$ cat work-v6.cif   # mmCIF, C-alpha atoms
data_query
loop_
_atom_site.label_atom_id
_atom_site.label_comp_id
_atom_site.auth_asym_id
_atom_site.auth_seq_id
_atom_site.Cartn_x
_atom_site.Cartn_y
_atom_site.Cartn_z
CA MET A 1 122.44 -129.17 183.60
CA LYS A 2 125.63 -129.58 181.59
CA ARG A 3 128.20 -126.90 182.32
CA ARG A 4 129.88 -125.34 179.31
CA LYS A 5 133.62 -124.81 179.40
CA ILE A 6 135.02 -121.35 178.76
CA ARG A 7 137.30 -121.59 175.76
CA VAL A 8 139.22 -118.85 173.95
CA GLY A 9 139.45 -120.05 170.35
CA LEU A 10 141.87 -119.05 167.61
CA ARG A 11 139.22 -117.11 165.74
CA THR A 12 138.55 -115.02 168.87
CA VAL A 13 142.23 -114.14 169.18
CA LYS A 14 142.47 -113.31 165.46
CA THR A 15 139.40 -111.07 165.71
CA ALA A 16 140.88 -109.15 168.64
CA ALA A 17 144.20 -108.77 166.84
CA ALA A 18 142.49 -107.53 163.66
CA ILE A 19 140.52 -104.93 165.63
CA ILE A 20 143.64 -103.56 167.34
CA ILE A 21 145.58 -103.36 164.06
CA ALA A 22 142.67 -101.63 162.30
CA MET A 23 142.36 -99.08 165.14
CA VAL A 24 146.08 -98.37 165.00
CA LEU A 25 145.89 -97.79 161.23
CA VAL A 26 142.93 -95.43 161.64
CA GLU A 27 144.74 -93.40 164.33
CA PRO A 28 146.74 -91.14 161.96
CA TYR A 29 143.50 -89.96 160.35
CA GLY A 30 142.05 -88.82 163.67
CA ALA A 31 140.73 -91.52 165.95
CA THR A 32 137.19 -90.28 166.55
CA SER A 33 134.58 -92.64 168.01
CA SER A 34 132.82 -93.19 164.71
CA ARG A 35 136.10 -93.93 162.90
CA LEU A 36 137.15 -96.48 165.49
CA ILE A 37 133.71 -98.09 165.57
CA LEU A 38 133.56 -98.54 161.79
CA ALA A 39 137.11 -99.89 161.64
CA MET A 40 136.26 -102.28 164.47
CA LEU A 41 133.04 -103.46 162.79
CA GLY A 42 134.86 -104.03 159.51
CA ALA A 43 137.60 -106.05 161.17
CA MET A 44 135.12 -108.16 163.13
CA ALA A 45 132.98 -108.83 160.07
CA ALA A 46 135.90 -110.02 157.93
CA VAL A 47 137.14 -112.66 160.39
CA GLN A 48 134.86 -115.55 159.37
CA PRO A 49 135.40 -119.34 159.33
CA THR A 50 135.74 -119.52 155.53
CA PHE A 51 137.14 -117.37 152.75
CA LYS A 52 133.73 -117.20 151.06
CA GLU A 53 132.06 -116.04 154.27
CA SER A 54 134.74 -113.38 154.71
CA LEU A 55 134.11 -112.10 151.18
CA ASP A 56 130.36 -112.09 151.79
CA ALA A 57 130.85 -110.15 155.03
CA CYS A 58 133.05 -107.60 153.26
CA ALA A 59 130.41 -107.17 150.56
CA THR A 60 127.55 -106.66 153.03
CA GLN A 61 129.59 -104.18 155.12
CA THR A 62 130.63 -102.20 152.05
CA VAL A 63 127.07 -102.08 150.71
CA GLY A 64 125.81 -101.02 154.14
CA VAL A 65 128.24 -98.12 154.47
CA ILE A 66 127.71 -96.87 150.91
CA PHE A 67 123.93 -97.17 151.22
CA GLY A 68 123.89 -95.36 154.57
CA VAL A 69 126.14 -92.59 153.24
CA ALA A 70 124.04 -92.14 150.08
CA ALA A 71 120.79 -92.01 152.05
CA GLY A 72 122.26 -89.55 154.56
CA VAL A 73 123.65 -87.22 151.91
CA ALA A 74 120.34 -87.24 150.02
CA LEU A 75 118.28 -86.49 153.14
CA VAL A 76 120.59 -83.70 154.36
CA ALA A 77 119.96 -81.93 151.07
CA MET A 78 116.20 -82.03 151.67
CA PRO A 79 114.42 -79.20 153.55
CA THR A 80 113.65 -81.32 156.60
CA GLY A 81 115.01 -81.22 160.12
CA PRO A 82 117.52 -83.75 161.47
CA LEU A 83 114.97 -85.85 163.32
CA ALA A 84 112.57 -85.93 160.39
CA SER A 85 115.45 -86.92 158.09
CA VAL A 86 116.46 -89.72 160.43
CA LEU A 87 112.86 -90.94 160.65
CA ILE A 88 112.39 -90.97 156.88
CA GLY A 89 115.83 -92.50 156.29
CA ILE A 90 115.44 -95.35 158.78
CA ILE A 91 112.03 -96.28 157.38
CA PHE A 92 113.49 -96.21 153.86
CA ILE A 93 116.59 -98.27 154.77
CA ILE A 94 114.69 -100.95 156.70
CA THR A 95 112.10 -101.23 153.93
CA ILE A 96 114.81 -101.75 151.30
CA TYR A 97 116.78 -104.18 153.48
CA ASN A 98 113.68 -106.31 154.04
CA LEU A 99 113.90 -107.12 150.34
CA LEU A 100 117.54 -108.25 150.59
CA PRO A 101 118.93 -111.60 151.84
CA ASP A 102 119.17 -112.14 155.59
CA ALA A 103 122.94 -111.54 155.52
CA PHE A 104 122.30 -107.83 154.94
CA SER A 105 121.56 -106.05 158.23
CA PRO A 106 120.13 -102.49 158.31
CA SER A 107 121.98 -101.63 161.54
CA LEU A 108 125.14 -100.28 159.91
CA PRO A 109 123.50 -98.05 157.26
CA CYS A 110 121.11 -96.70 159.92
CA PHE A 111 124.09 -95.85 162.12
CA ILE A 112 125.77 -94.00 159.25
CA LEU A 113 122.53 -92.22 158.43
CA VAL A 114 122.11 -90.93 161.99
CA MET A 115 125.70 -89.65 162.09
CA VAL A 116 125.33 -87.83 158.75
CA CYS A 117 121.94 -86.28 159.53
CA THR A 118 122.51 -85.13 163.12
CA ASP A 119 125.86 -83.33 162.86
CA ALA A 120 125.17 -79.96 161.24
CA GLU A 121 128.85 -78.92 161.27
CA MET A 122 130.19 -81.73 159.12
CA SER A 123 130.40 -81.97 155.35
CA PRO A 124 128.14 -84.95 154.51
CA ILE A 125 130.06 -86.04 151.43
CA ALA A 126 133.47 -85.76 153.09
CA TYR A 127 132.16 -87.55 156.15
CA GLY A 128 130.66 -90.32 154.02
CA LEU A 129 133.87 -90.88 152.07
CA GLY A 130 135.79 -90.97 155.34
CA ARG A 131 133.50 -93.66 156.77
CA ILE A 132 133.90 -95.75 153.63
CA TRP A 133 137.67 -95.46 154.06
CA ASP A 134 137.50 -96.42 157.76
CA THR A 135 135.38 -99.46 157.00
CA ALA A 136 137.70 -100.48 154.15
CA ILE A 137 140.68 -100.40 156.51
CA GLY A 138 138.88 -102.65 158.99
CA LEU A 139 137.74 -105.06 156.30
CA GLY A 140 141.18 -105.22 154.69
CA VAL A 141 142.93 -105.88 157.99
CA GLY A 142 140.37 -108.47 159.04
CA MET A 143 140.63 -110.28 155.71
CA ALA A 144 144.44 -110.28 155.79
CA VAL A 145 144.63 -111.57 159.37
CA ASN A 146 141.98 -114.22 158.75
CA MET A 147 143.55 -115.59 155.57
CA LEU A 148 147.26 -115.28 156.35
CA VAL A 149 147.51 -115.96 160.10
CA PHE A 150 146.62 -119.60 160.79
CA PRO A 151 143.82 -119.84 158.19
CA TYR A 152 140.87 -121.92 159.33
CA ASN A 153 141.20 -125.61 158.49
CA ASN A 154 138.50 -128.11 159.47
CA ARG A 155 140.18 -131.26 158.16
CA ARG A 156 140.49 -132.55 161.72
CA GLN A 157 136.74 -132.13 162.27
CA ILE A 158 136.03 -133.99 159.02
CA ASP A 159 138.30 -136.87 160.02
CA GLU A 160 136.69 -136.99 163.48
CA THR A 161 133.22 -137.08 161.91
CA VAL A 162 134.21 -139.98 159.65
CA SER A 163 135.77 -141.76 162.64
CA GLY A 164 132.55 -141.29 164.61
CA LEU A 165 130.57 -142.62 161.66
CA ASP A 166 132.74 -145.75 161.67
CA LYS A 167 132.09 -146.31 165.38
CA ASP A 168 128.36 -145.93 164.83
CA LEU A 169 128.59 -148.43 161.99
CA LEU A 170 130.25 -151.08 164.15
CA ARG A 171 127.70 -150.50 166.93
CA PHE A 172 124.92 -150.92 164.38
CA LEU A 173 126.31 -154.24 163.15
CA GLU A 174 126.91 -155.49 166.69
CA ASP A 175 123.30 -154.65 167.56
CA MET A 176 122.15 -156.32 164.35
CA PHE A 177 123.92 -159.60 165.18
CA ASP A 178 123.63 -159.71 168.96
CA GLY A 179 121.29 -162.71 168.85
CA ASP A 180 117.99 -161.03 169.77
CA ASN A 181 115.07 -159.97 167.58
CA HIS A 182 115.50 -156.24 168.13
CA LEU A 183 116.89 -154.49 165.06
CA PRO A 184 118.73 -151.14 165.14
CA ASP A 185 117.78 -148.18 162.98
CA ALA A 186 120.03 -145.93 160.89
CA ASP A 187 119.08 -142.60 162.51
CA ALA A 188 122.46 -142.14 164.18
CA MET A 189 124.19 -142.80 160.90
CA ASN A 190 122.00 -140.27 159.11
CA GLY A 191 122.98 -137.71 161.74
CA ARG A 192 126.64 -138.41 161.06
CA ILE A 193 126.09 -138.00 157.32
CA ALA A 194 124.45 -134.61 157.91
CA ALA A 195 127.39 -133.54 160.10
CA LEU A 196 129.86 -134.70 157.45
CA GLU A 197 127.98 -132.80 154.74
CA SER A 198 128.07 -129.64 156.87
CA GLN A 199 131.82 -129.93 157.47
CA LEU A 200 132.45 -130.54 153.77
CA SER A 201 130.47 -127.42 152.92
CA VAL A 202 132.74 -125.41 155.22
CA PHE A 203 135.84 -127.00 153.70
CA ALA A 204 134.64 -126.27 150.16
CA ASN A 205 134.17 -122.59 151.01
CA GLN A 206 137.58 -122.32 152.68
CA LYS A 207 139.54 -121.39 149.55
CA SER A 208 142.93 -120.71 151.03
CA LEU A 209 145.29 -118.35 149.25
CA LEU A 210 147.96 -121.04 149.49
CA HIS A 211 148.02 -124.73 148.47
CA THR A 212 144.82 -124.44 146.43
CA ARG A 213 145.65 -127.53 144.36
CA ARG A 214 146.15 -129.63 147.48
CA ASN A 215 142.87 -128.35 148.91
CA ARG A 216 141.04 -129.25 145.69
CA GLN A 217 142.46 -132.76 145.83
CA ALA A 218 141.47 -133.09 149.49
CA LEU A 219 137.94 -131.86 148.73
CA THR A 220 137.59 -134.43 145.93
CA ARG A 221 138.69 -137.16 148.34
CA TYR A 222 136.30 -136.00 151.05
CA ARG A 223 133.41 -135.83 148.59
CA ALA A 224 134.18 -139.44 147.65
CA CYS A 225 134.07 -140.27 151.38
CA GLU A 226 130.65 -138.64 151.66
CA CYS A 227 129.40 -140.65 148.68
CA MET A 228 130.65 -143.90 150.21
CA ALA A 229 129.09 -143.00 153.56
CA ARG A 230 125.71 -142.45 151.91
CA LYS A 231 125.94 -145.83 150.18
CA LEU A 232 126.79 -147.37 153.54
CA VAL A 233 123.66 -145.92 155.11
CA SER A 234 121.49 -147.16 152.24
CA HIS A 235 122.68 -150.73 152.91
CA LEU A 236 122.14 -150.29 156.65
CA GLU A 237 118.59 -149.07 156.06
CA VAL A 238 117.80 -152.22 154.09
CA LEU A 239 119.10 -154.39 156.94
CA SER A 240 117.13 -152.41 159.54
CA GLN A 241 113.88 -153.12 157.65
CA LEU A 242 114.20 -156.92 157.99
CA ASP A 243 112.00 -158.54 160.59
CA ARG A 244 115.09 -160.50 161.66
CA PRO A 245 118.60 -160.62 160.16
CA GLY A 246 119.68 -163.68 158.24
CA ARG A 247 122.59 -165.88 159.29
CA LEU A 248 126.09 -164.67 158.64
CA SER A 249 128.45 -166.48 156.32
CA GLN A 250 131.82 -167.50 157.71
CA GLU A 251 133.55 -164.89 155.55
CA ASN A 252 131.35 -162.01 156.74
CA ARG A 253 131.63 -163.20 160.35
CA ARG A 254 135.41 -163.25 160.03
CA ARG A 255 135.49 -159.77 158.47
CA LEU A 256 133.21 -158.34 161.14
CA ILE A 257 135.33 -159.73 163.95
CA ALA A 258 138.47 -158.44 162.22
CA CYS A 259 136.90 -154.94 162.31
CA GLY A 260 136.59 -155.21 166.09
CA ALA A 261 132.86 -155.96 166.22
CA VAL A 262 131.46 -158.44 168.74
CA VAL A 263 129.25 -160.96 166.93
CA ALA A 264 127.01 -162.72 169.47
CA ASP A 265 124.75 -164.35 166.90
CA ALA A 266 126.05 -167.94 166.78
CA ARG A 267 123.61 -169.37 164.23
CA GLU A 268 125.32 -171.61 161.69
CA LEU A 269 124.69 -171.12 157.96
CA ASP A 270 123.98 -174.75 157.19
CA SER A 271 121.56 -173.94 154.36
CA MET A 272 121.07 -170.77 152.34
CA MET A 273 117.69 -169.01 152.68
CA GLU A 274 116.57 -165.86 150.87
CA LYS A 275 116.97 -163.75 154.02
CA ASP A 276 120.51 -165.10 154.46
CA VAL A 277 121.40 -164.08 150.89
CA VAL A 278 120.03 -160.56 151.39
CA THR A 279 121.76 -160.14 154.74
CA ASN A 280 125.16 -161.36 153.60
CA PHE A 281 125.06 -159.31 150.40
CA HIS A 282 124.44 -156.07 152.28
CA VAL A 283 126.90 -156.89 155.07
CA ALA A 284 129.59 -157.63 152.48
CA GLN A 285 128.87 -154.33 150.71
CA ILE A 286 128.98 -152.46 154.02
CA LEU A 287 132.32 -153.93 155.02
CA THR A 288 133.82 -153.26 151.58
CA LEU A 289 132.64 -149.64 151.65
CA ARG A 290 133.90 -149.25 155.21
CA ARG A 291 137.38 -150.40 154.21
CA ALA A 292 137.43 -148.05 151.21
CA LEU A 293 136.21 -145.19 153.40
CA MET A 294 138.91 -145.74 156.01
CA GLU A 295 141.59 -145.99 153.31
CA ALA A 296 140.42 -142.73 151.74
CA VAL A 297 140.57 -140.95 155.10
CA ALA A 298 144.01 -142.40 155.82
CA GLU A 299 145.35 -140.91 152.56
CA GLY A 300 145.00 -137.44 154.07
#

$ encode --input "work-v6.cif" --output "structure tokens"
Amino acid sequence: MKRRKIRVGLRTVKTAAAIIIAMVLVEPYGATSSRLILAMLGAMAAVQPTFKESLDACATQTVGVIFGVAAGVALVAMPTGPLASVLIGIIFIITIYNLLPDAFSPSLPCFILVMVCTDAEMSPIAYGLGRIWDTAIGLGVGMAVNMLVFPYNNRRQIDETVSGLDKDLLRFLEDMFDGDNHLPDADAMNGRIAALESQLSVFANQKSLLHTRRNRQALTRYRACECMARKLVSHLEVLSQLDRPGRLSQENRRRLIACGAVVADARELDSMMEKDVVTNFHVAQILTLRRALMEAVAEG
């Protein structure tokens, strides 16, 4: 079984720092357990990989606190006991949350509801407003730390994915022209395309507060890389469907070797057959797209 390495990442450190700062800011208002917990939850929720995810987390936390406070205040005003109020409130909250997207969790509003309904000495409205304030502090601190202190940047992962795609491409072509009748498939390449698409989605949602124009230009370039990679795979899929590859032209053989590929297929192209035309057309397109892809990555 493969052993996983213990690694403390930057996001982990930023989350811990955001929690401590939020707790310190809540201290002057009376650091009760519920205040600290809500500030902590807000700070943790806001530290997400992308700016969009951070905003979504802030929205779901805010909705959860407000919803829990509103439900608690309404149930306290009803002529039911604390346990009956909690029972009714939890059923109501979970039922409503089942209608919402998966990002909305009923845990936080249920927690607020229990606190409001079970403490007879507190003022429900004042308590509810206080919890909204505590959560807002945590969310604000978490958002500020996440966006301003080493904001997440996955450009390196994108470049590594493209580099891996290039290695898979050369292995594919080497396997295609190794002299035997076994042809490779494009599954590995499709996996790389999916990984690239995922990384680009993260990059697109990481709208940094700084250098937005540069990020837009980089995203346009990366999207062009994704488009070229998909065209590459389409040509590879055509080659993988041949019963046997045609013979390489001298120009394509030279270009392949210049890319670092080992071409074991020594068949000479003394006459041009249909399969040779198809093979050389797609190989030429692949090598041209590969060069354009590498140049686009190098521009970053």

$ resolve_selection --input "work-v6.cif" --expression "the PyMOL selection byres ((chain A and resi 53) around 12)" --output "list in words"
Ala45, Ala46, Val47, Gln48, Pro49, Thr50, Phe51, Lys52, Ser54, Leu55, Asp56, Ala57, Cys58, Ala59, Thr60, Ala103, Met143, Asn146, Met147, Tyr152, Ser201, Val202, Phe203, Ala204, Asn205, Gln206 and Lys207 of chain A

$ atom_distance --input "work-v6.cif" --atom1 "CA of Arg230 (chain A)" --atom2 "CA of Asp276 (chain A)"
23.4 Å

$ closest_residue --input "work-v6.cif" --among "A:Thr95, A:Gly164, A:Ala71, A:Met40" --to "Ala18 (chain A)" --atoms "all atoms listed in the file"
A:Met40

$ closest_residue --input "work-v6.cif" --among "A:Ala284, A:Leu100, A:Ala22, A:Val238" --to "Arg254 (chain A)" --atoms "all atoms listed in the file"
A:Ala284

$ atom_distance --input "work-v6.cif" --atom1 "CA of Val262 (chain A)" --atom2 "CA of Pro245 (chain A)"
15.6 Å

$ closest_residue --input "work-v6.cif" --among "A:Arg255, A:Arg35, A:Lys231, A:Arg11" --to "Leu129 (chain A)" --atoms "all atoms listed in the file"
A:Arg35

$ atom_distance --input "work-v6.cif" --atom1 "CA of Ala136 (chain A)" --atom2 "CA of Gly42 (chain A)"
7.0 Å

$ build_atoms --input "work-v6.cif" --residues "region 232-256 of chain A" --atoms "N, CA, C and O atoms" --output "PDB file, in the frame of the given file"
ATOM      1  N   LEU A 232     126.798-146.554 152.332  1.00  0.00           N
ATOM      2  CA  LEU A 232     126.790-147.370 153.540  1.00  0.00           C
ATOM      3  C   LEU A 232     125.432-147.317 154.230  1.00  0.00           C
ATOM      4  O   LEU A 232     124.855-148.338 154.604  1.00  0.00           O
ATOM      5  N   VAL A 233     124.936-146.096 154.414  1.00  0.00           N
ATOM      6  CA  VAL A 233     123.660-145.920 155.110  1.00  0.00           C
ATOM      7  C   VAL A 233     122.518-146.584 154.347  1.00  0.00           C
ATOM      8  O   VAL A 233     121.609-147.153 154.948  1.00  0.00           O
ATOM      9  N   SER A 234     122.560-146.521 153.013  1.00  0.00           N
ATOM     10  CA  SER A 234     121.490-147.160 152.240  1.00  0.00           C
ATOM     11  C   SER A 234     121.463-148.665 152.484  1.00  0.00           C
ATOM     12  O   SER A 234     120.384-149.268 152.586  1.00  0.00           O
ATOM     13  N   HIS A 235     122.636-149.292 152.604  1.00  0.00           N
ATOM     14  CA  HIS A 235     122.680-150.730 152.910  1.00  0.00           C
ATOM     15  C   HIS A 235     122.206-150.996 154.334  1.00  0.00           C
ATOM     16  O   HIS A 235     121.499-151.984 154.591  1.00  0.00           O
ATOM     17  N   LEU A 236     122.584-150.109 155.266  1.00  0.00           N
ATOM     18  CA  LEU A 236     122.140-150.290 156.650  1.00  0.00           C
ATOM     19  C   LEU A 236     120.628-150.166 156.772  1.00  0.00           C
ATOM     20  O   LEU A 236     119.994-150.891 157.553  1.00  0.00           O
ATOM     21  N   GLU A 237     120.044-149.252 156.008  1.00  0.00           N
ATOM     22  CA  GLU A 237     118.590-149.070 156.060  1.00  0.00           C
ATOM     23  C   GLU A 237     117.860-150.304 155.561  1.00  0.00           C
ATOM     24  O   GLU A 237     116.802-150.661 156.086  1.00  0.00           O
ATOM     25  N   VAL A 238     118.418-150.978 154.565  1.00  0.00           N
ATOM     26  CA  VAL A 238     117.800-152.220 154.090  1.00  0.00           C
ATOM     27  C   VAL A 238     117.837-153.276 155.189  1.00  0.00           C
ATOM     28  O   VAL A 238     116.837-153.961 155.462  1.00  0.00           O
ATOM     29  N   LEU A 239     118.986-153.408 155.863  1.00  0.00           N
ATOM     30  CA  LEU A 239     119.100-154.390 156.940  1.00  0.00           C
ATOM     31  C   LEU A 239     118.143-154.077 158.097  1.00  0.00           C
ATOM     32  O   LEU A 239     117.562-154.981 158.693  1.00  0.00           O
ATOM     33  N   SER A 240     117.978-152.785 158.403  1.00  0.00           N
ATOM     34  CA  SER A 240     117.130-152.410 159.540  1.00  0.00           C
ATOM     35  C   SER A 240     115.654-152.663 159.268  1.00  0.00           C
ATOM     36  O   SER A 240     114.839-152.669 160.203  1.00  0.00           O
ATOM     37  N   GLN A 241     115.279-152.875 157.998  1.00  0.00           N
ATOM     38  CA  GLN A 241     113.880-153.120 157.650  1.00  0.00           C
ATOM     39  C   GLN A 241     113.511-154.606 157.681  1.00  0.00           C
ATOM     40  O   GLN A 241     112.334-154.964 157.527  1.00  0.00           O
ATOM     41  N   LEU A 242     114.494-155.489 157.879  1.00  0.00           N
ATOM     42  CA  LEU A 242     114.200-156.920 157.990  1.00  0.00           C
ATOM     43  C   LEU A 242     113.509-157.205 159.317  1.00  0.00           C
ATOM     44  O   LEU A 242     113.776-156.548 160.329  1.00  0.00           O
ATOM     45  N   ASP A 243     112.627-158.181 159.320  1.00  0.00           N
ATOM     46  CA  ASP A 243     112.000-158.540 160.590  1.00  0.00           C
ATOM     47  C   ASP A 243     113.000-159.226 161.516  1.00  0.00           C
ATOM     48  O   ASP A 243     112.912-159.148 162.741  1.00  0.00           O
ATOM     49  N   ARG A 244     113.989-159.897 160.907  1.00  0.00           N
ATOM     50  CA  ARG A 244     115.090-160.500 161.660  1.00  0.00           C
ATOM     51  C   ARG A 244     116.234-160.725 160.680  1.00  0.00           C
ATOM     52  O   ARG A 244     115.994-161.125 159.537  1.00  0.00           O
ATOM     53  N   PRO A 245     117.485-160.443 161.103  1.00  0.00           N
ATOM     54  CA  PRO A 245     118.600-160.620 160.160  1.00  0.00           C
ATOM     55  C   PRO A 245     118.822-162.088 159.824  1.00  0.00           C
ATOM     56  O   PRO A 245     118.544-162.980 160.629  1.00  0.00           O
ATOM     57  N   GLY A 246     119.313-162.318 158.613  1.00  0.00           N
ATOM     58  CA  GLY A 246     119.680-163.680 158.240  1.00  0.00           C
ATOM     59  C   GLY A 246     120.949-164.113 158.941  1.00  0.00           C
ATOM     60  O   GLY A 246     121.575-163.351 159.686  1.00  0.00           O
ATOM     61  N   ARG A 247     121.376-165.333 158.666  1.00  0.00           N
ATOM     62  CA  ARG A 247     122.590-165.880 159.290  1.00  0.00           C
ATOM     63  C   ARG A 247     123.829-165.446 158.511  1.00  0.00           C
ATOM     64  O   ARG A 247     123.806-165.408 157.282  1.00  0.00           O
ATOM     65  N   LEU A 248     124.858-165.141 159.255  1.00  0.00           N
ATOM     66  CA  LEU A 248     126.090-164.670 158.640  1.00  0.00           C
ATOM     67  C   LEU A 248     126.891-165.814 158.024  1.00  0.00           C
ATOM     68  O   LEU A 248     126.967-166.909 158.593  1.00  0.00           O
ATOM     69  N   SER A 249     127.506-165.521 156.885  1.00  0.00           N
ATOM     70  CA  SER A 249     128.450-166.480 156.320  1.00  0.00           C
ATOM     71  C   SER A 249     129.740-166.439 157.120  1.00  0.00           C
ATOM     72  O   SER A 249     130.003-165.478 157.867  1.00  0.00           O
ATOM     73  N   GLN A 250     130.552-167.457 156.983  1.00  0.00           N
ATOM     74  CA  GLN A 250     131.820-167.500 157.710  1.00  0.00           C
ATOM     75  C   GLN A 250     132.725-166.327 157.318  1.00  0.00           C
ATOM     76  O   GLN A 250     133.409-165.750 158.162  1.00  0.00           O
ATOM     77  N   GLU A 251     132.705-165.977 156.023  1.00  0.00           N
ATOM     78  CA  GLU A 251     133.550-164.890 155.550  1.00  0.00           C
ATOM     79  C   GLU A 251     133.116-163.553 156.162  1.00  0.00           C
ATOM     80  O   GLU A 251     133.955-162.781 156.648  1.00  0.00           O
ATOM     81  N   ASN A 252     131.830-163.272 156.155  1.00  0.00           N
ATOM     82  CA  ASN A 252     131.350-162.010 156.740  1.00  0.00           C
ATOM     83  C   ASN A 252     131.552-161.989 158.249  1.00  0.00           C
ATOM     84  O   ASN A 252     131.870-160.941 158.821  1.00  0.00           O
ATOM     85  N   ARG A 253     131.386-163.134 158.905  1.00  0.00           N
ATOM     86  CA  ARG A 253     131.630-163.200 160.350  1.00  0.00           C
ATOM     87  C   ARG A 253     133.099-162.891 160.644  1.00  0.00           C
ATOM     88  O   ARG A 253     133.423-162.143 161.571  1.00  0.00           O
ATOM     89  N   ARG A 254     133.977-163.488 159.836  1.00  0.00           N
ATOM     90  CA  ARG A 254     135.410-163.250 160.030  1.00  0.00           C
ATOM     91  C   ARG A 254     135.759-161.782 159.813  1.00  0.00           C
ATOM     92  O   ARG A 254     136.510-161.185 160.595  1.00  0.00           O
ATOM     93  N   ARG A 255     135.195-161.172 158.768  1.00  0.00           N
ATOM     94  CA  ARG A 255     135.490-159.770 158.470  1.00  0.00           C
ATOM     95  C   ARG A 255     134.956-158.846 159.560  1.00  0.00           C
ATOM     96  O   ARG A 255     135.608-157.861 159.914  1.00  0.00           O
ATOM     97  N   LEU A 256     133.777-159.165 160.071  1.00  0.00           N
ATOM     98  CA  LEU A 256     133.210-158.340 161.140  1.00  0.00           C
ATOM     99  C   LEU A 256     134.081-158.394 162.392  1.00  0.00           C
ATOM    100  O   LEU A 256     134.370-157.369 163.012  1.00  0.00           O
TER     101      LEU A 256
END
